[in-house]
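Coordinates as given in target31.txt (compact mmCIF, C-alpha atoms):
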# COMPACT_ATOMS: atom_id res chain seq x y z
CA MET A 1 -30.90 56.87 -65.18
CA LYS A 2 -27.72 58.38 -66.69
CA ILE A 3 -26.78 54.94 -68.03
CA ARG A 4 -30.18 54.57 -69.72
CA ILE A 5 -29.95 58.04 -71.29
CA ALA A 6 -26.44 57.37 -72.57
CA PHE A 7 -27.56 54.02 -73.96
CA ALA A 8 -30.49 55.66 -75.76
CA LEU A 9 -28.11 58.11 -77.41
CA SER A 10 -25.80 55.28 -78.50
CA LEU A 11 -28.73 53.47 -80.10
CA ALA A 12 -29.67 56.51 -82.12
CA ALA A 13 -26.16 56.62 -83.57
CA LEU A 14 -26.35 53.11 -85.07
CA PRO A 15 -27.00 52.95 -88.85
CA PHE A 16 -30.19 50.90 -88.65
CA ALA A 17 -30.70 50.89 -84.93
CA ALA A 18 -33.87 50.97 -82.97
CA PRO A 19 -34.56 54.11 -80.95
CA ALA A 20 -34.48 53.76 -77.19
CA ALA A 21 -36.44 50.82 -75.89
CA THR A 22 -39.90 51.43 -74.49
CA THR A 23 -41.12 49.49 -71.49
CA ASP A 24 -44.13 49.48 -69.17
CA LEU A 25 -42.43 47.55 -66.33
CA PRO A 26 -40.00 48.73 -63.65
CA SER A 27 -36.33 48.45 -64.58
CA ARG A 28 -34.83 45.34 -63.04
CA ALA A 29 -32.55 42.37 -63.53
CA TYR A 30 -33.69 38.75 -63.50
CA ALA A 31 -32.13 35.29 -63.53
CA THR A 32 -32.17 33.17 -66.67
CA LEU A 33 -32.97 29.45 -66.50
CA ASP A 34 -29.27 28.60 -66.49
CA GLY A 35 -28.64 30.86 -63.50
CA ARG A 36 -27.19 33.99 -65.11
CA ARG A 37 -28.23 37.42 -63.86
CA ILE A 38 -29.09 39.64 -66.78
CA SER A 39 -29.79 43.36 -66.55
CA GLU A 40 -32.10 45.49 -68.62
CA VAL A 41 -29.15 47.52 -69.93
CA ALA A 42 -27.36 44.35 -71.05
CA ILE A 43 -30.50 43.11 -72.79
CA ASP A 44 -30.99 46.43 -74.56
CA ALA A 45 -27.41 46.42 -75.82
CA ARG A 46 -27.59 42.86 -77.11
CA VAL A 47 -30.95 43.38 -78.81
CA ALA A 48 -29.75 46.60 -80.45
CA ARG A 49 -26.70 44.86 -81.91
CA LEU A 50 -28.72 41.93 -83.23
CA MET A 51 -31.41 44.15 -84.74
CA ALA A 52 -28.89 46.44 -86.39
CA ALA A 53 -26.90 43.52 -87.83
CA ASN A 54 -30.05 42.00 -89.35
CA ASN A 55 -31.92 45.19 -90.32
CA VAL A 56 -34.89 44.33 -88.10
CA THR A 57 -37.45 47.15 -88.09
CA GLY A 58 -39.31 46.44 -84.86
CA LEU A 59 -39.32 43.82 -82.12
CA GLY A 60 -41.17 43.32 -78.86
CA ILE A 61 -39.83 41.00 -76.17
CA ALA A 62 -41.46 39.71 -73.01
CA VAL A 63 -39.89 37.30 -70.51
CA ILE A 64 -41.94 35.35 -67.98
CA ARG A 65 -40.40 33.78 -64.89
CA GLY A 66 -42.41 31.91 -62.28
CA GLY A 67 -45.63 32.71 -64.13
CA LYS A 68 -45.04 36.49 -64.00
CA VAL A 69 -43.91 38.92 -66.67
CA VAL A 70 -40.54 40.17 -65.41
CA PHE A 71 -39.35 41.90 -68.58
CA ARG A 72 -41.27 43.56 -71.39
CA GLN A 73 -39.62 45.91 -73.87
CA SER A 74 -40.28 47.12 -77.40
CA TYR A 75 -37.54 48.15 -79.79
CA GLY A 76 -37.45 49.89 -83.13
CA TYR A 77 -40.25 51.16 -85.28
CA ALA A 78 -43.90 50.37 -85.90
CA ASP A 79 -43.57 52.40 -89.10
CA LEU A 80 -40.09 53.05 -90.43
CA GLU A 81 -41.26 55.68 -92.92
CA THR A 82 -42.77 57.94 -90.25
CA LYS A 83 -40.30 56.86 -87.54
CA THR A 84 -43.21 55.88 -85.32
CA ARG A 85 -41.85 53.90 -82.42
CA LEU A 86 -42.98 50.39 -81.58
CA THR A 87 -44.39 50.14 -78.06
CA SER A 88 -45.88 47.37 -75.95
CA GLY A 89 -49.29 48.86 -76.81
CA THR A 90 -48.80 48.91 -80.59
CA ILE A 91 -51.35 46.77 -82.44
CA MET A 92 -49.53 43.84 -84.05
CA TYR A 93 -50.75 40.93 -86.13
CA ALA A 94 -50.57 37.68 -84.16
CA GLY A 95 -50.54 35.38 -87.19
CA SER A 96 -50.72 31.76 -86.10
CA LEU A 97 -50.44 32.64 -82.43
CA THR A 98 -54.20 32.81 -83.05
CA LYS A 99 -54.25 29.01 -83.33
CA ALA A 100 -52.75 28.53 -79.87
CA THR A 101 -55.17 31.10 -78.42
CA PHE A 102 -58.12 29.31 -80.03
CA ALA A 103 -56.88 25.93 -78.81
CA TRP A 104 -56.80 27.21 -75.21
CA MET A 105 -60.47 28.15 -75.56
CA VAL A 106 -61.26 24.70 -76.95
CA MET A 107 -59.70 23.16 -73.84
CA GLN A 108 -62.11 25.19 -71.71
CA LEU A 109 -64.96 23.63 -73.69
CA VAL A 110 -63.41 20.21 -73.07
CA ASP A 111 -63.29 20.99 -69.35
CA GLU A 112 -66.99 21.86 -69.44
CA GLY A 113 -67.88 18.62 -71.23
CA LYS A 114 -69.12 20.47 -74.32
CA ILE A 115 -66.75 18.73 -76.70
CA ASP A 116 -64.69 15.54 -76.72
CA LEU A 117 -61.32 15.78 -78.41
CA ASP A 118 -61.52 12.20 -79.69
CA LYS A 119 -65.06 11.95 -81.02
CA SER A 120 -65.67 12.11 -84.74
CA ILE A 121 -66.64 15.62 -85.83
CA ALA A 122 -69.59 13.92 -87.58
CA GLU A 123 -71.16 13.55 -84.13
CA TYR A 124 -71.26 17.34 -83.73
CA LEU A 125 -72.05 18.65 -87.20
CA PRO A 126 -75.76 18.78 -88.07
CA LYS A 127 -74.98 17.76 -91.66
CA PRO A 128 -72.03 16.11 -93.45
CA LEU A 129 -68.90 18.24 -93.76
CA PRO A 130 -68.97 18.22 -97.61
CA ASP A 131 -72.49 19.67 -97.50
CA TYR A 132 -71.05 22.98 -96.27
CA GLU A 133 -70.16 25.15 -99.22
CA ASN A 134 -66.60 25.85 -98.11
CA PHE A 135 -65.88 22.10 -97.83
CA SER A 136 -67.75 20.78 -100.86
CA ASP A 137 -64.45 19.70 -102.43
CA LEU A 138 -64.50 16.73 -100.04
CA LYS A 139 -67.60 15.15 -101.61
CA GLY A 140 -66.99 11.47 -102.24
CA ASP A 141 -64.21 11.16 -99.64
CA GLU A 142 -65.71 9.64 -96.52
CA ARG A 143 -62.41 9.83 -94.65
CA TRP A 144 -63.57 13.19 -93.26
CA ARG A 145 -65.68 11.16 -90.79
CA ARG A 146 -62.48 9.94 -89.12
CA LEU A 147 -61.52 13.49 -88.19
CA THR A 148 -61.58 14.45 -84.52
CA MET A 149 -61.01 17.78 -82.84
CA ARG A 150 -57.66 16.50 -81.58
CA MET A 151 -56.53 15.65 -85.12
CA LEU A 152 -57.57 19.07 -86.34
CA LEU A 153 -55.63 20.82 -83.58
CA ASN A 154 -52.50 18.64 -83.50
CA HIS A 155 -52.07 18.91 -87.27
CA THR A 156 -52.70 15.27 -88.15
CA SER A 157 -55.85 15.99 -90.17
CA GLY A 158 -54.18 15.13 -93.48
CA PHE A 159 -55.18 18.46 -95.01
CA PRO A 160 -52.61 20.72 -96.69
CA ASN A 161 -51.66 23.89 -94.86
CA LEU A 162 -53.89 26.02 -97.09
CA ARG A 163 -55.87 24.99 -100.18
CA PHE A 164 -54.55 28.17 -101.79
CA PHE A 165 -51.22 26.41 -102.23
CA GLU A 166 -52.78 23.49 -104.13
CA ASP A 167 -52.41 23.61 -107.93
CA ASP A 168 -56.18 23.65 -108.42
CA LYS A 169 -56.94 25.58 -105.18
CA LYS A 170 -59.18 22.73 -104.02
CA LEU A 171 -59.29 21.20 -100.56
CA ARG A 172 -58.49 17.52 -100.26
CA LEU A 173 -57.27 15.01 -97.70
CA ARG A 174 -53.70 14.31 -98.72
CA ARG A 175 -53.25 11.65 -96.00
CA ASP A 176 -55.46 9.44 -93.90
CA PRO A 177 -56.51 11.44 -90.82
CA GLY A 178 -54.47 10.76 -87.69
CA THR A 179 -51.50 9.11 -89.37
CA ARG A 180 -48.74 11.73 -89.37
CA TYR A 181 -48.00 15.36 -88.48
CA GLY A 182 -48.43 17.94 -91.25
CA TYR A 183 -49.09 21.58 -90.33
CA SER A 184 -52.54 22.61 -91.52
CA GLY A 185 -54.43 25.86 -91.21
CA GLU A 186 -57.31 24.16 -93.03
CA GLY A 187 -57.72 21.86 -90.03
CA PHE A 188 -58.42 24.91 -87.88
CA ARG A 189 -61.04 26.09 -90.35
CA VAL A 190 -62.85 22.78 -89.82
CA ALA A 191 -62.44 23.03 -86.04
CA GLN A 192 -64.05 26.46 -86.10
CA LEU A 193 -66.92 25.11 -88.20
CA VAL A 194 -67.51 22.35 -85.63
CA LEU A 195 -67.84 24.89 -82.82
CA GLU A 196 -70.01 27.26 -84.79
CA GLN A 197 -72.30 24.75 -86.50
CA GLY A 198 -72.17 21.93 -83.97
CA LEU A 199 -72.20 23.88 -80.71
CA GLY A 200 -73.74 27.15 -81.87
CA ILE A 201 -70.69 29.16 -80.73
CA ASP A 202 -69.66 32.46 -82.26
CA VAL A 203 -65.87 32.01 -82.12
CA GLY A 204 -65.04 35.72 -82.18
CA LYS A 205 -67.45 36.57 -79.37
CA GLU A 206 -66.52 33.47 -77.36
CA MET A 207 -62.81 34.26 -77.48
CA GLN A 208 -63.58 37.83 -76.45
CA ARG A 209 -65.56 36.62 -73.45
CA ARG A 210 -63.38 33.69 -72.37
CA ILE A 211 -59.93 35.11 -73.09
CA PHE A 212 -59.66 38.81 -73.88
CA ASP A 213 -62.08 39.98 -71.18
CA ARG A 214 -60.80 37.46 -68.64
CA PHE A 215 -57.14 38.42 -68.95
CA ARG A 216 -57.65 42.16 -69.50
CA MET A 217 -56.49 41.95 -73.10
CA ASN A 218 -58.14 45.26 -73.93
CA ASP A 219 -56.35 45.72 -77.25
CA SER A 220 -56.96 42.24 -78.68
CA SER A 221 -59.66 41.24 -81.12
CA MET A 222 -60.41 38.50 -83.61
CA THR A 223 -61.71 41.12 -86.03
CA TRP A 224 -60.68 44.65 -86.98
CA ARG A 225 -61.60 47.46 -84.60
CA ASP A 226 -61.72 51.05 -85.80
CA ASP A 227 -59.90 52.24 -82.67
CA PHE A 228 -56.81 50.33 -83.89
CA THR A 229 -56.31 53.01 -86.57
CA GLY A 230 -53.15 55.02 -85.96
CA ARG A 231 -51.74 52.43 -83.54
CA LEU A 232 -50.54 49.80 -86.01
CA ALA A 233 -47.24 48.09 -86.67
CA PHE A 234 -46.68 47.88 -90.41
CA GLY A 235 -44.78 44.81 -91.53
CA TYR A 236 -41.51 44.55 -93.45
CA ASN A 237 -40.55 41.54 -95.52
CA GLU A 238 -37.14 39.96 -96.15
CA GLN A 239 -36.38 42.65 -98.72
CA GLY A 240 -37.35 45.42 -96.30
CA GLU A 241 -40.50 46.26 -98.24
CA ARG A 242 -43.36 47.76 -96.23
CA GLN A 243 -46.51 45.65 -96.01
CA GLY A 244 -50.03 46.92 -95.43
CA PHE A 245 -52.01 46.03 -92.31
CA ARG A 246 -54.96 43.86 -93.31
CA GLN A 247 -58.27 44.73 -91.69
CA ARG A 248 -59.83 41.31 -91.05
CA ARG A 249 -63.59 41.52 -90.79
CA VAL A 250 -64.32 37.83 -90.12
CA ALA A 251 -62.99 35.87 -87.13
CA GLY A 252 -60.72 33.03 -88.22
CA ALA A 253 -59.26 30.44 -85.85
CA LEU A 254 -56.32 29.86 -88.17
CA GLY A 255 -55.13 33.46 -87.88
CA SER A 256 -57.22 36.63 -87.54
CA LEU A 257 -56.06 37.89 -84.13
CA ASP A 258 -54.74 41.42 -83.69
CA THR A 259 -53.08 41.99 -80.32
CA THR A 260 -50.24 43.74 -78.50
CA LEU A 261 -47.09 42.64 -76.74
CA THR A 262 -48.67 43.55 -73.40
CA ASP A 263 -51.86 41.62 -74.09
CA TRP A 264 -50.41 38.40 -75.46
CA SER A 265 -47.63 38.25 -72.86
CA ARG A 266 -50.35 38.54 -70.23
CA PHE A 267 -52.16 35.63 -71.88
CA LEU A 268 -48.98 33.55 -72.17
CA ALA A 269 -48.24 34.04 -68.47
CA ALA A 270 -51.75 32.85 -67.66
CA VAL A 271 -51.34 29.81 -69.92
CA VAL A 272 -48.08 28.67 -68.30
CA ARG A 273 -49.63 29.15 -64.83
CA GLY A 274 -52.56 26.99 -65.89
CA ASP A 275 -55.12 29.70 -65.19
CA GLY A 276 -58.62 28.99 -66.42
CA LEU A 277 -58.09 25.28 -67.10
CA SER A 278 -58.24 22.22 -64.92
CA ARG A 279 -54.95 20.42 -64.36
CA ALA A 280 -56.19 17.62 -66.59
CA ALA A 281 -57.10 19.98 -69.43
CA PHE A 282 -53.79 21.85 -69.21
CA ALA A 283 -51.86 18.56 -69.22
CA ALA A 284 -53.85 17.33 -72.23
CA MET A 285 -53.16 20.56 -74.13
CA ILE A 286 -49.37 20.26 -73.84
CA ARG A 287 -49.11 16.46 -73.98
CA PRO A 288 -47.76 15.31 -77.35
CA THR A 289 -50.22 13.00 -79.10
CA VAL A 290 -48.15 12.81 -82.25
CA PHE A 291 -44.37 12.72 -82.52
CA ILE A 292 -42.76 14.50 -85.43
CA ASP A 293 -40.47 12.79 -87.93
CA SER A 294 -40.32 15.39 -90.69
CA PRO A 295 -36.92 17.08 -91.26
CA THR A 296 -38.52 20.54 -91.16
CA GLN A 297 -41.95 21.95 -90.42
CA PHE A 298 -42.30 23.42 -93.90
CA PRO A 299 -43.01 22.41 -96.58
CA THR A 300 -45.86 20.47 -95.01
CA LEU A 301 -46.87 16.93 -95.98
CA THR A 302 -43.36 15.98 -97.05
CA ASP A 303 -42.68 12.27 -97.48
CA ALA A 304 -39.16 12.68 -96.05
CA ARG A 305 -38.57 11.25 -92.58
CA THR A 306 -35.84 11.59 -89.98
CA ASP A 307 -35.01 10.35 -86.47
CA ARG A 308 -33.24 13.59 -85.69
CA TRP A 309 -35.94 14.92 -83.34
CA LYS A 310 -36.50 11.74 -81.34
CA ALA A 311 -34.12 12.77 -78.55
CA LYS A 312 -36.05 16.01 -78.07
CA LYS A 313 -39.39 14.15 -78.23
CA LEU A 314 -40.60 16.80 -80.65
CA GLY A 315 -44.34 16.52 -81.04
CA TYR A 316 -47.66 18.31 -80.97
CA GLY A 317 -50.39 18.65 -78.40
CA VAL A 318 -53.60 20.64 -78.77
CA GLY A 319 -52.63 23.76 -80.69
CA TRP A 320 -49.08 23.87 -79.30
CA GLY A 321 -45.83 22.21 -80.33
CA THR A 322 -43.97 20.34 -77.58
CA PHE A 323 -40.44 19.11 -76.89
CA GLU A 324 -38.17 18.13 -74.03
CA SER A 325 -35.91 21.06 -73.20
CA ARG A 326 -32.83 21.04 -70.97
CA PHE A 327 -35.19 22.08 -68.18
CA GLY A 328 -38.12 19.75 -68.84
CA ARG A 329 -41.24 19.77 -70.99
CA ALA A 330 -41.61 22.85 -73.18
CA PHE A 331 -44.38 24.06 -75.45
CA PHE A 332 -44.18 26.59 -78.27
CA LYS A 333 -45.97 28.33 -81.12
CA GLU A 334 -44.87 30.41 -84.09
CA GLY A 335 -46.83 33.10 -85.93
CA HIS A 336 -45.75 34.01 -89.46
CA ASP A 337 -47.06 36.09 -92.34
CA ASP A 338 -45.64 38.58 -94.83
CA GLY A 339 -44.09 41.22 -92.58
CA THR A 340 -44.85 39.37 -89.33
CA ASP A 341 -42.90 36.83 -87.31
CA ASN A 342 -43.78 35.91 -83.74
CA TYR A 343 -42.49 33.21 -81.43
CA ALA A 344 -43.49 31.95 -77.99
CA VAL A 345 -41.90 29.14 -75.97
CA CYS A 346 -42.47 28.11 -72.36
CA VAL A 347 -40.77 25.67 -69.96
CA VAL A 348 -43.57 24.15 -67.92
CA ALA A 349 -41.85 23.19 -64.66
CA ARG A 350 -40.28 26.64 -64.28
CA GLN A 351 -43.40 28.49 -65.49
CA SER A 352 -40.99 30.45 -67.64
CA CYS A 353 -41.45 31.75 -71.18
CA ILE A 354 -40.23 34.17 -73.78
CA LEU A 355 -42.42 35.95 -76.31
CA LEU A 356 -40.95 37.60 -79.41
CA MET A 357 -43.21 39.71 -81.63
CA ALA A 358 -41.70 41.29 -84.73
CA ASN A 359 -43.09 43.33 -87.61
CA ASP A 360 -40.20 42.17 -89.78
CA ASN A 361 -39.51 38.75 -91.32
CA ARG A 362 -35.77 39.29 -90.85
CA ALA A 363 -36.29 38.93 -87.10
CA THR A 364 -36.29 35.13 -87.39
CA ASN A 365 -32.52 35.37 -87.88
CA ILE A 366 -32.16 36.49 -84.26
CA PHE A 367 -34.81 34.41 -82.49
CA VAL A 368 -32.45 31.62 -81.42
CA PRO A 369 -29.78 33.83 -79.81
CA LEU A 370 -32.49 35.86 -78.09
CA VAL A 371 -34.11 32.77 -76.58
CA ASP A 372 -30.73 31.35 -75.53
CA GLU A 373 -29.56 34.57 -73.90
CA LEU A 374 -32.75 36.02 -72.43
CA LEU A 375 -34.55 32.84 -71.31
CA GLY A 376 -31.75 30.29 -71.36
CA PRO A 377 -30.23 27.71 -73.74
CA ILE A 378 -33.19 25.37 -73.60
CA GLY A 379 -32.35 23.45 -76.79
CA LEU A 380 -34.87 24.68 -79.34
CA PRO A 381 -35.71 22.47 -82.34
CA ALA A 382 -34.57 25.52 -84.29
CA GLU A 383 -33.78 23.99 -87.67
CA TRP A 384 -37.09 22.15 -87.75
CA GLU A 385 -38.83 25.48 -87.16
CA GLY A 386 -36.80 27.14 -89.90
CA TYR A 387 -34.71 29.30 -87.56
CA ARG A 388 -30.95 29.64 -87.64
CA PRO A 389 -29.44 27.53 -84.83

Here is the file; what I need is its structure written in the form of structure tokens.
Amino acid sequence: MKIRIAFALSLAALPFAAPAATTDLPSRAYATLDGRRISEVAIDARVARLMAANNVTGLGIAVIRGGKVVFRQSYGYADLETKTRLTSGTIMYAGSLTKATFAWMVMQLVDEGKIDLDKSIAEYLPKPLPDYENFSDLKGDERWRRLTMRMLLNHTSGFPNLRFFEDDKKLRLRRDPGTRYGYSGEGFRVAQLVLEQGLGIDVGKEMQRRIFDRFRMNDSSMTWRDDFTGRLAFGYNEQGERQGFRQRRVAGALGSLDTTLTDWSRFLAAVVRGDGLSRAAFAAMIRPTVFIDSPTQFPTLTDARTDRWKAKKLGYGVGWGTFESRFGRAFFKEGHDDGTDNYAVCVVARQSCILLMANDNRATNIFVPLVDELLGPIGLPAEWEGYRP
């Protein structure tokens, strides 16, 4: 206890340091994948140094070993201006971790025979995709009929990431569906439409029932809840500017989830254990069905190609990226927005993961050393993801 108190005082003395870490798990040490024993005090010290050196406002970390959360700590501030501390129960924006959460639910529907990943979405929609107002830009392009749920969720739809980034703000197929990886939030919009219009599913309510209720994710929601007020992590961009917390009123598969470190680490542990899915569905979710040959993930739809990632077998499954780590098959997902950067990666055979949730874009500068030191040097495709190696 004296060591922890002394460490807390040393943190407070740092120029941009986090206050003492907050945890909801017993203090303990655990073994990394490469066999090192690492203590909570050592983790706290390393995280404090990295955060201070990179001016990171707040960061939550959870480590999963053998399918169980063995470490969960929050560091820094949810709101720097008021010096409100970040905790494992602070409401944080999940960003595109939403996509992986949604994809897990889709795999439950696959298990139940309600949807086939490889059937044309035209077989589910009661009318042609361009007849829906939000997709009317696709009129005259019959290639939409080639789209399948798998293509929408493994980012081979051919859509841009977001139509907002197009010069004319219109949605179009920039490639033939199924031909090559290109990250696309628009693909997830279409996937949500298929469930809602084709299967009559309310995505927000279904995710609440199948995921949040099931895994006791009591502080997670696809839409804003009034009880989140006063419990929020405000974001900080690369310049350290405070960002507002958007109150999303409509569920969106591409990224409307609000959650906490406790909740999403609980979900991630369940995912790597295979809870709630058949073995076949879990295997299909993390099996790469497209291999990636782009130099970096962003910008999307680049014509540039490289063989650099072949050795890692970098690819995409259903909602999750995949690669071969030093310890076997791994799957991962990022979650980015202005003032938010999250990262999750799991090694399947060891049922081991790390989850990093930050309310500061500068945190991406420390993701690689944190994964290497706290989980193990698994060999991330860091440069492809836009992280410093």

Axis-aligned box for all listed atoms of range 59-66 of chain A, 6 Å per side, centre and edges in Å to one decimal, as lines of an AutoDock Vina configuration file:
center_x = -40.9
center_y = 37.9
center_z = -72.2
size_x = 15.1
size_y = 23.9
size_z = 31.8

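Between Phe159 in chain A and the residues A:Leu301, A:Ala48, A:Ala382, A:Leu33, the shortest atom-to-atom distance, using only C-alpha atoms, involves A:Leu301.
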
| said: I need the residue nearest Ala330 in chain A from this list: A:Met51, A:Leu370, A:Met285, A:Val290. Use all atoms listed in the file for the distance. | reply: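 Looking only at the distances to Ala330 in chain A, the closest residue turns out to be A:Met285.
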
| message | Residues near Phe332 in chain A, anyone? I mean within 10 Å using all atoms listed in the file, not counting same-chain ones fewer than 4 positions away, as a PyMOL selection string. | response | chain A and resi 97+100+286+316+319-323+343-347+353-355+380

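Going from CA of Ile292 in chain A over to CA of Trp309 in chain A, you cover 7.1 Å.
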
Is it possible to add N, CA and C atoms to range 367-387 of chain A and hand it back as a PDB file, in the frame of the given file?
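After the write, part21.pdb holds the following:
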ATOM      1  N   PHE A 367     -33.978  35.038 -83.507  1.00  0.00           N
ATOM      2  CA  PHE A 367     -34.810  34.410 -82.490  1.00  0.00           C
ATOM      3  C   PHE A 367     -34.023  33.445 -81.606  1.00  0.00           C
ATOM      4  N   VAL A 368     -33.175  32.625 -82.210  1.00  0.00           N
ATOM      5  CA  VAL A 368     -32.450  31.620 -81.420  1.00  0.00           C
ATOM      6  C   VAL A 368     -31.506  32.264 -80.414  1.00  0.00           C
ATOM      7  N   PRO A 369     -30.634  33.211 -80.821  1.00  0.00           N
ATOM      8  CA  PRO A 369     -29.780  33.830 -79.810  1.00  0.00           C
ATOM      9  C   PRO A 369     -30.557  34.582 -78.735  1.00  0.00           C
ATOM     10  N   LEU A 370     -31.694  35.158 -79.098  1.00  0.00           N
ATOM     11  CA  LEU A 370     -32.490  35.860 -78.090  1.00  0.00           C
ATOM     12  C   LEU A 370     -33.059  34.894 -77.065  1.00  0.00           C
ATOM     13  N   VAL A 371     -33.593  33.770 -77.521  1.00  0.00           N
ATOM     14  CA  VAL A 371     -34.110  32.770 -76.580  1.00  0.00           C
ATOM     15  C   VAL A 371     -32.985  32.255 -75.693  1.00  0.00           C
ATOM     16  N   ASP A 372     -31.847  31.910 -76.292  1.00  0.00           N
ATOM     17  CA  ASP A 372     -30.730  31.350 -75.530  1.00  0.00           C
ATOM     18  C   ASP A 372     -30.215  32.321 -74.470  1.00  0.00           C
ATOM     19  N   GLU A 373     -30.152  33.602 -74.818  1.00  0.00           N
ATOM     20  CA  GLU A 373     -29.560  34.570 -73.900  1.00  0.00           C
ATOM     21  C   GLU A 373     -30.556  35.126 -72.898  1.00  0.00           C
ATOM     22  N   LEU A 374     -31.802  35.345 -73.303  1.00  0.00           N
ATOM     23  CA  LEU A 374     -32.750  36.020 -72.430  1.00  0.00           C
ATOM     24  C   LEU A 374     -33.592  35.058 -71.592  1.00  0.00           C
ATOM     25  N   LEU A 375     -33.853  33.862 -72.099  1.00  0.00           N
ATOM     26  CA  LEU A 375     -34.550  32.840 -71.310  1.00  0.00           C
ATOM     27  C   LEU A 375     -33.555  31.821 -70.799  1.00  0.00           C
ATOM     28  N   GLY A 376     -32.742  31.297 -71.692  1.00  0.00           N
ATOM     29  CA  GLY A 376     -31.750  30.290 -71.360  1.00  0.00           C
ATOM     30  C   GLY A 376     -31.594  29.336 -72.526  1.00  0.00           C
ATOM     31  N   PRO A 377     -30.463  28.641 -72.634  1.00  0.00           N
ATOM     32  CA  PRO A 377     -30.230  27.710 -73.740  1.00  0.00           C
ATOM     33  C   PRO A 377     -31.023  26.423 -73.541  1.00  0.00           C
ATOM     34  N   ILE A 378     -32.293  26.477 -73.907  1.00  0.00           N
ATOM     35  CA  ILE A 378     -33.190  25.370 -73.600  1.00  0.00           C
ATOM     36  C   ILE A 378     -33.118  24.243 -74.622  1.00  0.00           C
ATOM     37  N   GLY A 379     -32.475  24.497 -75.770  1.00  0.00           N
ATOM     38  CA  GLY A 379     -32.350  23.450 -76.790  1.00  0.00           C
ATOM     39  C   GLY A 379     -33.504  23.442 -77.756  1.00  0.00           C
ATOM     40  N   LEU A 380     -33.778  24.577 -78.376  1.00  0.00           N
ATOM     41  CA  LEU A 380     -34.870  24.680 -79.340  1.00  0.00           C
ATOM     42  C   LEU A 380     -34.695  23.719 -80.519  1.00  0.00           C
ATOM     43  N   PRO A 381     -35.782  23.201 -81.066  1.00  0.00           N
ATOM     44  CA  PRO A 381     -35.710  22.470 -82.340  1.00  0.00           C
ATOM     45  C   PRO A 381     -35.648  23.470 -83.489  1.00  0.00           C
ATOM     46  N   ALA A 382     -34.613  24.313 -83.459  1.00  0.00           N
ATOM     47  CA  ALA A 382     -34.570  25.520 -84.290  1.00  0.00           C
ATOM     48  C   ALA A 382     -34.613  25.221 -85.780  1.00  0.00           C
ATOM     49  N   GLU A 383     -33.832  24.261 -86.229  1.00  0.00           N
ATOM     50  CA  GLU A 383     -33.780  23.990 -87.670  1.00  0.00           C
ATOM     51  C   GLU A 383     -35.098  23.428 -88.175  1.00  0.00           C
ATOM     52  N   TRP A 384     -35.776  22.642 -87.353  1.00  0.00           N
ATOM     53  CA  TRP A 384     -37.090  22.150 -87.750  1.00  0.00           C
ATOM     54  C   TRP A 384     -38.060  23.310 -87.932  1.00  0.00           C
ATOM     55  N   GLU A 385     -37.946  24.320 -87.080  1.00  0.00           N
ATOM     56  CA  GLU A 385     -38.830  25.480 -87.160  1.00  0.00           C
ATOM     57  C   GLU A 385     -38.420  26.456 -88.251  1.00  0.00           C
ATOM     58  N   GLY A 386     -37.250  26.249 -88.851  1.00  0.00           N
ATOM     59  CA  GLY A 386     -36.800  27.140 -89.900  1.00  0.00           C
ATOM     60  C   GLY A 386     -36.000  28.309 -89.386  1.00  0.00           C
ATOM     61  N   TYR A 387     -35.513  28.238 -88.142  1.00  0.00           N
ATOM     62  CA  TYR A 387     -34.710  29.300 -87.560  1.00  0.00           C
ATOM     63  C   TYR A 387     -33.236  28.915 -87.606  1.00  0.00           C
TER      64      TYR A 387
END
